[in-house]
Amino acid sequence: MNIVVLVKQVPDSGSERKLDPADNTVARAAADNVINEMDEYAIEEALTIKEAQGGEVTVLTVGPDSATDAIRKALSMGADKAVHVVDDAIHGSCAVQTSAVIAAALGQMEYDLVMCGAEATDAQLSVMPALLAERLGLPQLSGARKVTIEGGTAKVERQTDGGFWALEAPLPAIISTWDTINEPRYPSFKGIMAAKKKPVETRSLADLGLDAGSVGLASATSKVLDFAGRPPKGEGVKVTDEGDGAQKFVDYLAGQKIV
Amino acid sequence: MPSSSLILSRRDLDFLLNEWLDVESLTKRARFTEHSRETFDAVLDLAEQIATEHFAPHNRKADENEPRMVDGKVQLIPEVAEALTVFAEAGLMAGEFDEEFGGMQLPHVVGQAVFAWFKAANVGTSAYPFLTMGNARLLLAHGSREQIDTYVAPEIEGRWFGTMALSEPQAGSSLSDITTKAVPQDDGTYRLTGNKMWISGGDHELTENIVHLVLAKIPGGPPGVKGISLFIVPKFLVNADGSLGERNDVVLAGLNHKMGYRGTTNTLLNFGEGVHTPGGRAGAVGYLVGEQHRGLTYMFHMMNEARIGVGMGATVLGYTGYLHALEYARTRTQGRPPAGKDPATPMVPIVEHADVRRMLLAAKSYAEGGLALGLYCARLVDEEQTAETADERARAHLLLEMLTPIAKAWPSQWGPVADDLAIQVHGGYGYTRDYPVEQFYRDNRLNPIHEGTQGVQSLDLLGRKVVMQGGAGLALLGETITATTARAAGTQWAGFAADLDAAVARLASVTATLWGAGDPDVTLANSHVYLEAAGHLVVAWLWLEQALAAEAGTTDFHEGKRAAARYFWRWELPRTRAWFDLLESLDRTVLDTRDAWL
Ligand SMILES: Cc1cc2nc3c(=O)[nH]c(=O)nc-3n(C[C@H](O)[C@H](O)[C@H](O)COP(=O)(O)OP(=O)(O)OC[C@H]3O[C@@H](n4cnc5c(N)ncnc54)[C@H](O)[C@@H]3O)c2cc1C
Ligand SMILES: Cc1cc2nc3c(=O)[nH]c(=O)nc-3n(C[C@H](O)[C@H](O)[C@H](O)COP(=O)(O)OP(=O)(O)OC[C@H]3O[C@@H](n4cnc5c(N)ncnc54)[C@H](O)[C@@H]3O)c2cc1C
């Protein structure tokens with residue numbers, strides 16, 4: 001079972017995140033960049049499947065040089081090798097363009113299964129699995145809270161608000177995972193040392209046979225035109241209890257659409 | 001990007017390790033070739049993550065739920081065991097040990113930075129691995145191959161924990177007066193009887209076995225410290241195949257109820273009272289480590305590292321207090337600036353008040369200064385062990401010997417002051433149990449007491465270290481500091497350097513006066529002031545070092561380093577003048593005051 005896990009490096013959702021006012025793209029250089037948290041669940045799931053069934057886990061990342069940190073973390077968790085697509089022309093690409101890059105990279109790899117997180121915490125589009133499934137002609141099993149691989153078939157439970165759907169598809173397939181699926185392991189110290197020796201191949205657009213003009217901000221299918229910060233918190237509301245405190249409190253919460 | 005953690009500042013650790021101490025250069029040495037900047041960064045990331053997710057969250061709960069004795073067993077909150085399992089499974093126990101024993105050969109300086117996260121997040125829980133690693137290090141240095149295979153391997157895997165059992169009810173500072181007895185047996189083992197007081201981690205159910213390292217006297221040996229031997233006394237005897245055998249005759253007599261560090265069980269242990277009868281009779285079975293009567297020497301061999309570790313603990317508890325106070329001061333609004341008292345204007349965050357900034361800057365200079373001191377000394381441990389030439393190794397050893405009492409005592413004095421200031425910045429809220437700063441203070445208050453009290457450290461510095469090898473250590477310290485001040489010539493720090501040069505000269509002349517007095521009683525009566533003066537001088541030097549390392553930086557972080565360096569120069573270094581004046585006068589006030597007058 002050879003599994004490719006798509007890993008994106010994003011600004012830490014726990015720290016202050018900014019857009020770069022020069023071109024309205026995510027300000028990655030100044031950010032505290034980490035592995036997209038949701039992808040850690042996909043890595044964990046892939047490692048668990050590999051541990052049970054054998055094979056290899058390969059990490060695939062599209063991102064700037066600094067994305068090697070995310071790759072190294074995935075390798076220190078236990079992935080076997082990585083492919084890093086890095087090319088200055090990719091900066092500012094939209095999801096559609098990025099999916100073309102990832103699809104081209106996957107086209108040069110051998111896999112039975114592609115896994116990724118259900119969303120990236122920076123753009124929160126959740127469209128990558130669908131875009132890739134379309135481009136590669138693969139079945140898409142999205143939003144998994146449970147994955148079982150039996151022979152040539154993948155079965156998943158897709159998380160919904162009220163419960164789950166049971167889905168299955170023949171391999172190769174693409175599966176995206178939610179954070180309810182498992183508890184990602186920490187890298188171990190041994191894993192950190194071992195990660196140094198694991199192969200990381202880099203690919204440029206030319207290596208993938210893609211034209212630089214087909215990606216990047218200039219030809220993106222969508223652009224961020226403007227953005228604004230959240231308005232500062234207003235003064236709080238003081239409720240004086242004159243025997244009707246509870247009612248006023250409930251009215252307030254209802255007014256804020258909290259209850 | 002400023003780190004948002006309130007446990008420690010990763011930005012500062014990166015500055016100290018990379019921009020200042022250049023730890024990456026260590027990877028050129030044979031012992032560390034497997035390492036790189038990436039592995040150091042990754043293990044620091046790992047430490048921060050585990051400390052944040054598994055250690056910090058139960059720090060308060062462990063404080064509020066002291067260990068209890070239930071049916072003779074110690075009961076702890078379950079979070080302690082969970083955190084320690086994650087710690088051991090990540091391989092962090094193995095960090096600095098040799099690959100041969102399952103370790104990762106991490107440089108000591110990086111190992112200290114890694115472990116700092118756990119101490120700052122939860123000093124009570126981190127004490128178990130701290131003690132276990134110290135125990136394993138001692139056995140690796142002085143134990144037999146068989147002892148290492150039997151005891152160290154399970155410790156490094158985190159399956160067994162270790163203790164250091166030195167103190168007794170009647171003998172704390174004065175180890176020459178211990179009375180625990182070890183009687184040799186025909187089979188080469190010993191049987192121990194006696195009581196050990198204050199033993200941290202002395203009993204618990206966290207691990208299958210506990211490896212006590214016990215100081216005891218063999219009857220008929222030389223008196224005093226020359227007659228102390230070191231023994232392994234496992235809670236459960238170990239069979240030849242490594243499995244656990246009979247219960248040894250060491251039992252928990254009681255738990256101490258402490259001001260802080262409450263997550264760490266602290267125990268009175270009875271040895272050889274016959275509660276258990278291994279081999280059919282009373283007496284705790286012990287195995288001699290190394291040779292007879294050399295126990296204290298072995299312990300002291302590990303002392304430098306242990307004392308740097310305690311100093312680091314004091315520093316980082318002060319550090320986390322400072323970070324909490326800083327965050328509070330940025331959000332708490334109170335009062336208005338002196339020039340804008342109009343009550344119609346909104347109140348300002350208290351960080352806007354100069355006096356609050358004074359407190360924060362003082363706490364910052366103690367916390368970051370202490371961290372620089374601890375990491376500098378840890379780097380010296382690496383130099384002592386791995387520097388290219390024998391001469392470099394010997395110099396590192398000498399400087400380390402000199403600095404060790406300061407590395408332990410200075411943070412133990414000023415770390416708690418940083419926590420005291422953190423409480424003060426919080427106003428009345430800091431005095432309540434709703435905020436964590438009062439716990440940091442209580443936890444930190446242990447550090448001046450254990451691992452050699454401040455009084456003991458001061459006697460070590462003035463009575464032993466500055467006079468050893470004809471004063472070579474003191475001379476080397478002076479040379480090392482003036483090498484820094486020379487680099488400051490022509491920079492904005494020339495004035496700081498000149499004041500430091502003057503203080504170094506003063507330290508030398510005061511030392512000569514003290515030891516020229518011809519009366520050791522009067523000399524040593526003022527040893528604590530000497531320790532304080534030397535400590536402040538050393539930390540001032542390390543602030544100059546940091547200022548120079550930050551010279552090219554233009555970020556707020558680097559401005560902060562400059563501000564704290566300036567603070568230490570202008571506000572703290574001058575304190576040494578008064579201390580040196582007192583020392584120079586050979587003051588007899590303390591010496592001549594009689595017991596009856598107190
Ligand atoms: C929470 C905690 C954990 C501990 N953990 C351990 C442990 O794991 N293992 C272990 O073996 N011990 C441990 N200890 C013991 C600790 O090392 C001792 O408390 C310490 O050495 C001081 O000894 P004492 O308490 O008997 O104080 P004393 O030695 O009675 O000292 C009392 C005071 O007298 C001063 N004094 C004593 N002798 C002299 C002297 N000759 N000259 C000048 N001043 C002197 C001291 O500086 C101190 O201020 C722990 C203690 C505590 C409180
Ligand atoms: C145990 C306890 C008992 C108490 N009992 C009483 C009581 O019986 N009755 C009562 O009325 N109150 C009582 N208090 C309240 C006490 O007087 C306040 O805690 C104290 O005045 C500090 O105010 P604060 O806690 O709001 O801190 P803050 O005013 O928020 O101060 C926080 C920090 O900011 C500094 N700061 C604030 N303003 C300025 C400024 N303008 N310039 C420079 N620095 C500034 C302070 O020095 C302090 O270090 C009690 C408090 C405690 C803890």
# chains A, B, ... in the order shown; residues from 1 in each chain; ligands from 1
>>> interface_residues(of="chain B", to="chain A", cutoff="10 Å", atoms="only C-alpha atoms", output="ChimeraX atom specification")
/B:1-5,34-36,38-43,45-47,49-50,86-95,102-104
>>> residues_around(residues="segment 250-256 of chain A", least_positions_apart="6", cutoff="12 Å", atoms="only C-alpha atoms", output="PyMOL selection string")
chain A and resi 236-239+244
>>> residues_near_ligand(ligand="ligand 2", cutoff="9 Å", atoms="only C-alpha atoms and all ligand atoms", output="VMD selection string")
chain B and resid 328 to 329 332 to 338 348 to 357 359 421 to 432
>>> closest_atom_pairs(of="chain B", to="ligand 1", cutoff="9 Å", atoms="only C-alpha atoms and all ligand atoms", output="CSV")
residue,atom,partner,partner_atom_place_in_ligand_line,distance
B:Leu131,CA,ligand 1,8 (O),7.6
B:Thr163,CA,ligand 1,8 (O),6.2
B:Met164,CA,ligand 1,9 (N),4.8
B:Ala165,CA,ligand 1,11 (O),4.2
B:Leu166,CA,ligand 1,11 (O),3.4
B:Ser167,CA,ligand 1,11 (O),3.8
B:Glu168,CA,ligand 1,26 (O),7.2
B:Pro169,CA,ligand 1,26 (O),6.5
B:Gln170,CA,ligand 1,26 (O),6.5
B:Ala171,CA,ligand 1,26 (O),5.4
B:Gly172,CA,ligand 1,26 (O),3.2
B:Ser173,CA,ligand 1,29 (O),3.7
B:Ser174,CA,ligand 1,29 (O),6.0
B:Leu175,CA,ligand 1,21 (O),8.4
B:Lys196,CA,ligand 1,11 (O),7.3
B:Met197,CA,ligand 1,12 (N),6.7
B:Trp198,CA,ligand 1,50 (C),4.5
B:Ile199,CA,ligand 1,8 (O),3.9
B:Ser200,CA,ligand 1,8 (O),3.8
B:Gly201,CA,ligand 1,8 (O),6.9
B:Gly202,CA,ligand 1,8 (O),7.5
B:Val214,CA,ligand 1,11 (O),8.3
B:Leu215,CA,ligand 1,11 (O),8.6
B:Asn256,CA,ligand 1,1 (C),8.1
B:His257,CA,ligand 1,1 (C),8.9
B:Lys258,CA,ligand 1,1 (C),6.6
B:Met259,CA,ligand 1,1 (C),8.3
B:Gly260,CA,ligand 1,1 (C),7.6
B:Tyr261,CA,ligand 1,1 (C),6.7
B:Arg262,CA,ligand 1,1 (C),8.3
B:Thr264,CA,ligand 1,1 (C),8.2
B:Thr265,CA,ligand 1,1 (C),8.7
B:Asn266,CA,ligand 1,3 (C),6.2
B:Thr267,CA,ligand 1,5 (N),8.4
B:Leu446,CA,ligand 1,1 (C),6.1
B:Asn447,CA,ligand 1,1 (C),8.6
B:Pro448,CA,ligand 1,49 (O),8.8
B:Ile449,CA,ligand 1,20 (C),5.6
B:His450,CA,ligand 1,17 (O),3.9
B:Glu451,CA,ligand 1,17 (O),4.9
B:Gly452,CA,ligand 1,21 (O),5.1
B:Thr453,CA,ligand 1,47 (O),4.8
B:Gln454,CA,ligand 1,47 (O),6.0
B:Gly455,CA,ligand 1,47 (O),4.2
B:Val456,CA,ligand 1,47 (O),5.7
B:Gln457,CA,ligand 1,47 (O),8.6
B:Ser458,CA,ligand 1,43 (C),8.8
B:Leu459,CA,ligand 1,42 (N),7.5
B:Ala525,CA,ligand 1,43 (C),9.0
>>> residues_around(residues="Arg28 of chain A", least_positions_apart="5", cutoff="9 Å", atoms="only C-alpha atoms", output="PyMOL selection string")
chain A and resi 10-11+17-20+33
>>> residues_around(residues="Ala494 of chain B", least_positions_apart="4", cutoff="12 Å", atoms="only C-alpha atoms", output="list in words")
Thr484, Thr485, Ala486, Arg487, Ala488, Ala489, Gly490, Ala498, Asp499, Leu500, Asp501, Leu544, Ala547, Leu548, Arg566 and Trp569 of chain B
>>> write_last_selection(atoms="N, CA, C and O atoms", output="compact mmCIF listing (two decimals), in the first residue's frame")
# COMPACT_ATOMS: atom_id res chain seq x y z
N THR B 484 35.70 39.97 26.64
CA THR B 484 34.43 40.54 26.16
C THR B 484 34.48 42.06 26.17
O THR B 484 34.07 42.72 25.20
N THR B 485 34.98 42.63 27.26
CA THR B 485 34.97 44.10 27.34
C THR B 485 35.86 44.69 26.25
O THR B 485 35.55 45.76 25.72
N ALA B 486 36.91 43.97 25.88
CA ALA B 486 37.78 44.46 24.80
C ALA B 486 36.99 44.54 23.49
O ALA B 486 37.16 45.48 22.72
N ARG B 487 36.10 43.57 23.27
CA ARG B 487 35.30 43.58 22.04
C ARG B 487 34.31 44.73 22.01
O ARG B 487 33.80 45.10 20.96
N ALA B 488 33.99 45.25 23.21
CA ALA B 488 33.00 46.32 23.28
C ALA B 488 33.60 47.69 22.99
O ALA B 488 32.87 48.67 22.82
N ALA B 489 34.95 47.77 22.92
CA ALA B 489 35.59 49.07 22.67
C ALA B 489 35.07 49.64 21.35
O ALA B 489 34.93 48.92 20.36
N GLY B 490 34.77 50.92 21.37
CA GLY B 490 34.31 51.57 20.13
C GLY B 490 32.85 51.34 19.82
O GLY B 490 32.34 51.86 18.83
N ALA B 498 33.67 49.53 30.43
CA ALA B 498 34.59 50.17 31.38
C ALA B 498 34.14 49.90 32.81
O ALA B 498 34.96 49.59 33.69
N ASP B 499 32.83 49.99 33.06
CA ASP B 499 32.32 49.71 34.41
C ASP B 499 32.57 48.25 34.79
O ASP B 499 32.87 47.94 35.95
N LEU B 500 32.44 47.36 33.81
CA LEU B 500 32.69 45.94 34.09
C LEU B 500 34.18 45.71 34.40
O LEU B 500 34.51 44.96 35.32
N ASP B 501 35.04 46.34 33.61
CA ASP B 501 36.48 46.20 33.87
C ASP B 501 36.81 46.62 35.31
O ASP B 501 37.57 45.95 36.01
N LEU B 544 26.42 42.04 28.75
CA LEU B 544 27.23 42.72 27.73
C LEU B 544 27.41 41.78 26.53
O LEU B 544 27.31 42.21 25.37
N ALA B 547 24.29 41.93 24.57
CA ALA B 547 24.15 43.21 23.87
C ALA B 547 25.01 43.20 22.61
O ALA B 547 24.58 43.66 21.54
N LEU B 548 26.21 42.65 22.73
CA LEU B 548 27.09 42.60 21.56
C LEU B 548 26.54 41.64 20.50
O LEU B 548 26.59 41.92 19.31
N ARG B 566 21.01 47.46 29.09
CA ARG B 566 21.20 48.80 29.66
C ARG B 566 20.68 48.85 31.10
O ARG B 566 21.31 49.42 31.98
N TRP B 569 23.13 47.17 33.35
CA TRP B 569 24.32 48.03 33.51
C TRP B 569 24.01 49.18 34.45
O TRP B 569 24.74 49.43 35.42
>>> atom_distance(atom1="atom CA of His212 of chain B", atom2="atom CA of Gly188 of chain B")
18.5 Å
>>> decode(residues="segment 458-473 of chain B", atoms="all heavy atoms", output="tab-separated table (two decimals), in the first residue's frame")
chain	number	residue	atom	x	y	z
B	458	SER	N	27.98	29.75	48.83
B	458	SER	CA	28.86	30.90	49.06
B	458	SER	C	30.18	30.44	49.68
B	458	SER	O	31.24	30.97	49.36
B	458	SER	CB	28.17	31.95	49.93
B	458	SER	OG	28.04	31.52	51.27
B	459	LEU	N	30.10	29.43	50.54
B	459	LEU	CA	31.34	28.89	51.13
B	459	LEU	C	32.15	28.17	50.06
B	459	LEU	O	33.38	28.22	50.05
B	459	LEU	CB	31.00	27.93	52.27
B	459	LEU	CG	30.35	28.60	53.49
B	459	LEU	CD1	29.89	27.56	54.50
B	459	LEU	CD2	31.31	29.60	54.14
B	460	ASP	N	31.45	27.52	49.14
B	460	ASP	CA	32.14	26.83	48.04
B	460	ASP	C	32.89	27.85	47.17
B	460	ASP	O	34.06	27.66	46.82
B	460	ASP	CB	31.10	26.06	47.20
B	460	ASP	CG	31.74	25.27	46.05
B	460	ASP	OD1	32.81	24.67	46.28
B	460	ASP	OD2	31.16	25.23	44.95
B	461	LEU	N	32.22	28.96	46.87
B	461	LEU	CA	32.85	29.95	45.99
B	461	LEU	C	34.04	30.63	46.67
B	461	LEU	O	35.16	30.64	46.14
B	461	LEU	CB	31.82	31.02	45.57
B	461	LEU	CG	32.38	32.10	44.63
B	461	LEU	CD1	32.76	31.52	43.27
B	461	LEU	CD2	31.37	33.24	44.44
B	462	LEU	N	33.79	31.19	47.84
B	462	LEU	CA	34.86	31.97	48.48
B	462	LEU	C	35.88	31.08	49.18
B	462	LEU	O	37.07	31.38	49.18
B	462	LEU	CB	34.23	32.97	49.49
B	462	LEU	CG	35.22	33.89	50.20
B	462	LEU	CD1	36.06	34.70	49.22
B	462	LEU	CD2	34.48	34.84	51.15
B	463	GLY	N	35.38	30.00	49.77
B	463	GLY	CA	36.29	29.15	50.54
B	463	GLY	C	37.11	28.19	49.69
B	463	GLY	O	38.19	27.76	50.09
B	464	ARG	N	36.60	27.83	48.51
B	464	ARG	CA	37.25	26.79	47.74
B	464	ARG	C	37.61	27.25	46.32
B	464	ARG	O	38.75	27.21	45.91
B	464	ARG	CB	36.32	25.58	47.64
B	464	ARG	CG	36.98	24.24	47.83
B	464	ARG	CD	35.95	23.15	48.03
B	464	ARG	NE	35.16	22.90	46.82
B	464	ARG	CZ	35.57	22.17	45.80
B	464	ARG	NH1	36.76	21.62	45.81
B	464	ARG	NH2	34.80	21.97	44.76
B	465	LYS	N	36.60	27.72	45.60
B	465	LYS	CA	36.78	27.94	44.17
B	465	LYS	C	37.75	29.09	43.85
B	465	LYS	O	38.58	28.97	42.96
B	465	LYS	CB	35.43	28.18	43.48
B	465	LYS	CG	34.48	26.97	43.56
B	465	LYS	CD	35.03	25.76	42.86
B	465	LYS	CE	34.22	24.49	42.98
B	465	LYS	NZ	32.86	24.56	42.48
B	466	VAL	N	37.62	30.20	44.56
B	466	VAL	CA	38.49	31.33	44.17
B	466	VAL	C	39.94	31.13	44.61
B	466	VAL	O	40.84	31.80	44.11
B	466	VAL	CB	37.98	32.71	44.67
B	466	VAL	CG1	36.60	32.99	44.11
B	466	VAL	CG2	37.99	32.82	46.18
B	467	VAL	N	40.16	30.19	45.53
B	467	VAL	CA	41.54	29.97	45.97
B	467	VAL	C	42.17	28.72	45.35
B	467	VAL	O	43.38	28.52	45.45
B	467	VAL	CB	41.64	29.88	47.52
B	467	VAL	CG1	41.44	31.25	48.12
B	467	VAL	CG2	40.64	28.88	48.09
B	468	MET	N	41.34	27.90	44.68
B	468	MET	CA	41.90	26.65	44.13
B	468	MET	C	42.98	26.97	43.09
B	468	MET	O	42.94	28.01	42.42
B	468	MET	CB	40.79	25.78	43.52
B	468	MET	CG	40.18	26.35	42.28
B	468	MET	SD	38.77	25.36	41.71
B	468	MET	CE	38.24	26.44	40.38
B	469	GLN	N	43.93	26.08	42.99
B	469	GLN	CA	45.07	26.22	42.05
B	469	GLN	C	45.66	27.62	42.10
B	469	GLN	O	45.91	28.25	41.06
B	469	GLN	CB	44.62	25.90	40.62
B	469	GLN	CG	44.11	24.48	40.45
B	469	GLN	CD	43.57	24.22	39.05
B	469	GLN	OE1	44.05	24.80	38.08
B	469	GLN	NE2	42.57	23.36	38.95
B	470	GLY	N	45.86	28.10	43.33
B	470	GLY	CA	46.49	29.42	43.49
B	470	GLY	C	45.70	30.55	42.85
B	470	GLY	O	46.29	31.55	42.40
B	471	GLY	N	44.40	30.40	42.78
B	471	GLY	CA	43.57	31.49	42.23
B	471	GLY	C	43.44	31.45	40.72
B	471	GLY	O	42.99	32.42	40.10
B	472	ALA	N	43.78	30.31	40.12
B	472	ALA	CA	43.75	30.22	38.65
B	472	ALA	C	42.33	30.38	38.10
B	472	ALA	O	42.14	30.97	37.02
B	472	ALA	CB	44.32	28.88	38.20
B	473	GLY	N	41.34	29.88	38.82
B	473	GLY	CA	39.96	29.98	38.35
B	473	GLY	C	39.50	31.43	38.31
B	473	GLY	O	38.89	31.88	37.33
